[in-house]
Amino acid sequence: MKKYYMLALAAFALVFSVEAQIELEDDFEFYNLGNISAQNSHWRTWSGVDGAADDAEVVDTDASSGTQSMLVDNSGVVDQLMLIESTPSSGVYTVQWKMFIPANSEGYFNMQGEMTAAGVLWNQLLQGGNVHFNMDGLDPGAGVVDGTPGQVFSYPEEAWFLVTCVYDLDNEIWALSIDGDEQFNDQEFTFNDAFVELAAIDFFSVTTGNTFYVDDVTLAVGVLGVDDFSADVFSVYPNPVTDILNVRSQAVVDDVAVYDILGKLVLKTTPDTVSTTIDMSALNSGVYLVQVTIGGASKTVKVIK
């Protein structure tokens, strides 16, 4: 019965795009570089100690939008919780973020099903399985989830991609989409004890082969349709830029328009190709807004020169 419900929910979301109520958006742009946990209450380490070895870092080495993201490194000890502070126990809830896994690296997350228990700093209640990207470094571009049932999925390596997890809390199953493509919709919560509440996503440095970045987090009550979070998956780098700005994409880039901070169009190109480069060498130093259009959908990112 659970599986049929989720299938119906997924179909409804695709056709009607169920309206979602966004509870949190975080793009890491307003944090200082370094340990993240002390900088916002919805980030905390597993140990509960800000700045401990298990604290992830805000970095400016790569980003999906803007200039900063969160790095879960290859230490094998970083264990960063993204708290869902409303701790919903019923209804449908969506957690989505952008993720980047370098070539030959691993990634990992899981869902935690209870915030606290009596006398316990963080109550370990793993739900929905261990979600591995390139498990043990043996399967680039492939992911696996253990639990009931076991699942497999695919993701783009060496590129930013969108991860969307839709949790059906009443029926205790969840669905995973990568770049808007559903990978499965019937993963059960019954991996570790009884479900209590949707408490956190745990980003863990699962081995010393692990390295991944997280950016553009959104938490929402309900189902986020593709149009709610923009289907034009791309990244720009380097940022800040000196001369050449690279636009990395999985689909054909229709056009790129560059505006100055006053909104004046200073550069435009129509590459009509997957990924492209923009020559900004003639532009003065300053802040620019780069609008990228893919498949008729546009998104603007801030670029510093």
# chains A, B, ... in the order shown; residues from 1 in each chain; ligands from 1
>>> select_by_dssp(residues="region 58-300 of chain A", states="strand (DSSP E or B)", output="number ranges by chain")
A: 58-59, 69-72, 79-83, 92-100, 106-112, 117, 120, 126-133, 142-145, 151-154, 160-168, 173-178, 181-188, 200-204, 210, 212-221, 234-237, 244-260, 265-269, 273-279, 287-294, 297-300
>>> closest_atom_pairs(of="region 180-290 of chain A", to="region 36-55 of chain A", cutoff="12 Å", atoms="only C-alpha atoms", output="Markdown table")
| residue | atom | partner | partner_atom | distance |
| --- | --- | --- | --- | --- |
| A:Ala199 | CA | A:His42 | CA | 10.6 |
| A:Ala200 | CA | A:His42 | CA | 9.1 |
| A:Ile201 | CA | A:Trp43 | CA | 10.0 |
| A:Asp202 | CA | A:Trp46 | CA | 8.5 |
| A:Phe203 | CA | A:Thr45 | CA | 9.8 |
| A:Phe204 | CA | A:Asp54 | CA | 8.7 |
| A:Ser205 | CA | A:Asp54 | CA | 8.7 |
| A:Val206 | CA | A:Asp54 | CA | 11.4 |
| A:Val217 | CA | A:His42 | CA | 11.4 |
| A:Leu219 | CA | A:His42 | CA | 11.1 |
>>> write_last_selection(atoms="N, CA and C atoms", output="compact mmCIF listing (two decimals), in the first residue's frame")
# COMPACT_ATOMS: atom_id res chain seq x y z
N ALA A 199 14.38 14.60 11.40
CA ALA A 199 15.22 15.42 12.27
C ALA A 199 16.40 16.07 11.57
N ALA A 200 17.03 15.38 10.60
CA ALA A 200 18.25 15.93 10.01
C ALA A 200 18.67 15.12 8.80
N ILE A 201 19.47 15.76 7.96
CA ILE A 201 20.25 15.05 6.94
C ILE A 201 21.69 15.04 7.45
N ASP A 202 22.30 13.88 7.44
CA ASP A 202 23.66 13.70 7.95
C ASP A 202 24.62 13.59 6.77
N PHE A 203 25.47 14.61 6.59
CA PHE A 203 26.51 14.59 5.57
C PHE A 203 27.80 14.10 6.25
N PHE A 204 28.24 12.92 5.85
CA PHE A 204 29.31 12.24 6.58
C PHE A 204 30.48 11.95 5.65
N SER A 205 31.69 12.18 6.13
CA SER A 205 32.90 11.78 5.42
C SER A 205 33.10 10.29 5.65
N VAL A 206 32.47 9.51 4.78
CA VAL A 206 32.30 8.09 5.06
C VAL A 206 33.61 7.31 5.05
N VAL A 217 20.86 24.87 -0.50
CA VAL A 217 19.97 23.99 0.26
C VAL A 217 18.57 24.60 0.35
N LEU A 219 14.72 23.54 2.26
CA LEU A 219 13.86 22.66 3.04
C LEU A 219 12.42 23.16 2.87
>>> closest_residue(among="A:Tyr31, A:Trp160, A:Tyr288, A:Tyr167", to="Val247 (chain A)", atoms="only C-alpha atoms")
A:Trp160
>>> residues_around(residues="Val196 (chain A)", least_positions_apart="5", cutoff="7 Å", atoms="only C-alpha atoms", output="JSON, numbers by chain")
{"A": [89, 113, 114]}
>>> residues_around(residues="Leu169 (chain A)", least_positions_apart="3", cutoff="6 Å", atoms="only C-alpha atoms", output="mmCIF file with C-alpha atoms, in the first residue's frame")
data_model
loop_
_atom_site.group_PDB
_atom_site.id
_atom_site.type_symbol
_atom_site.label_atom_id
_atom_site.label_comp_id
_atom_site.auth_asym_id
_atom_site.auth_seq_id
_atom_site.Cartn_x
_atom_site.Cartn_y
_atom_site.Cartn_z
ATOM 1 C CA SER A 90 3.516 13.677 9.341
ATOM 2 C CA GLY A 91 2.739 14.866 5.831
ATOM 3 C CA VAL A 92 5.189 15.226 2.948
ATOM 4 C CA GLU A 172 7.408 6.117 5.932
#
>>> atom_distance(atom1="CA of Phe189 (chain A)", atom2="CA of Gln127 (chain A)")
4.8 Å
>>> closest_residue(among="A:Tyr93, A:Asn35, A:Asp73, A:Val58", to="Gly222 (chain A)", atoms="only C-alpha atoms")
A:Tyr93
>>> closest_residue(among="A:Ser154, A:Leu162, A:Gly209, A:Asn130", to="Glu188 (chain A)", atoms="only C-alpha atoms")
A:Asn130
>>> select_by_dssp(residues="region 151-244 of chain A", states="alpha helix (DSSP H)", output="ChimeraX atom specification")
/A:226-229
>>> write_last_selection(atoms="N, CA and C atoms", output="tab-separated table (two decimals), in the first residue's frame")
chain	number	residue	atom	x	y	z
A	226	VAL	N	9.74	20.56	-10.25
A	226	VAL	CA	10.96	20.94	-10.97
A	226	VAL	C	11.03	22.45	-11.16
A	227	ASP	N	9.91	23.08	-11.49
A	227	ASP	CA	9.91	24.52	-11.74
A	227	ASP	C	10.20	25.33	-10.50
A	228	ASP	N	10.00	24.75	-9.30
A	228	ASP	CA	10.22	25.48	-8.07
A	228	ASP	C	11.69	25.74	-7.78
A	229	PHE	N	12.57	24.87	-8.30
A	229	PHE	CA	13.97	25.06	-7.96
A	229	PHE	C	14.86	25.18	-9.18
>>> residues_around(residues="Ala159 (chain A)", least_positions_apart="4", cutoff="9 Å", atoms="only C-alpha atoms", output="VMD selection string")
chain A and resid 99 to 102 234 to 235 248 to 250
>>> write_last_selection(atoms="N, CA and C atoms", output="CSV table (one decimal), in the first residue's frame")
chain,number,residue,atom,x,y,z
A,99,MET,N,24.9,19.4,-5.2
A,99,MET,CA,26.1,18.5,-4.8
A,99,MET,C,27.1,18.4,-5.9
A,100,PHE,N,28.3,18.4,-5.5
A,100,PHE,CA,29.4,18.2,-6.5
A,100,PHE,C,30.4,17.2,-5.9
A,101,ILE,N,30.7,16.1,-6.7
A,101,ILE,CA,31.6,15.1,-6.3
A,101,ILE,C,32.7,15.0,-7.3
A,102,PRO,N,33.9,15.4,-6.9
A,102,PRO,CA,35.1,15.3,-7.9
A,102,PRO,C,35.3,13.9,-8.4
A,234,PHE,N,23.7,24.1,-13.9
A,234,PHE,CA,24.9,24.5,-14.4
A,234,PHE,C,25.8,25.1,-13.3
A,235,SER,N,27.0,25.3,-13.5
A,235,SER,CA,27.9,26.1,-12.6
A,235,SER,C,28.8,27.0,-13.4
A,248,ARG,N,29.8,25.5,-17.0
A,248,ARG,CA,29.7,24.0,-17.1
A,248,ARG,C,28.3,23.6,-17.0
A,249,SER,N,27.8,22.8,-17.9
A,249,SER,CA,26.4,22.4,-17.9
A,249,SER,C,26.2,21.0,-18.4
A,250,GLN,N,25.1,20.4,-18.1
A,250,GLN,CA,24.7,19.1,-18.6
A,250,GLN,C,23.8,19.1,-19.8
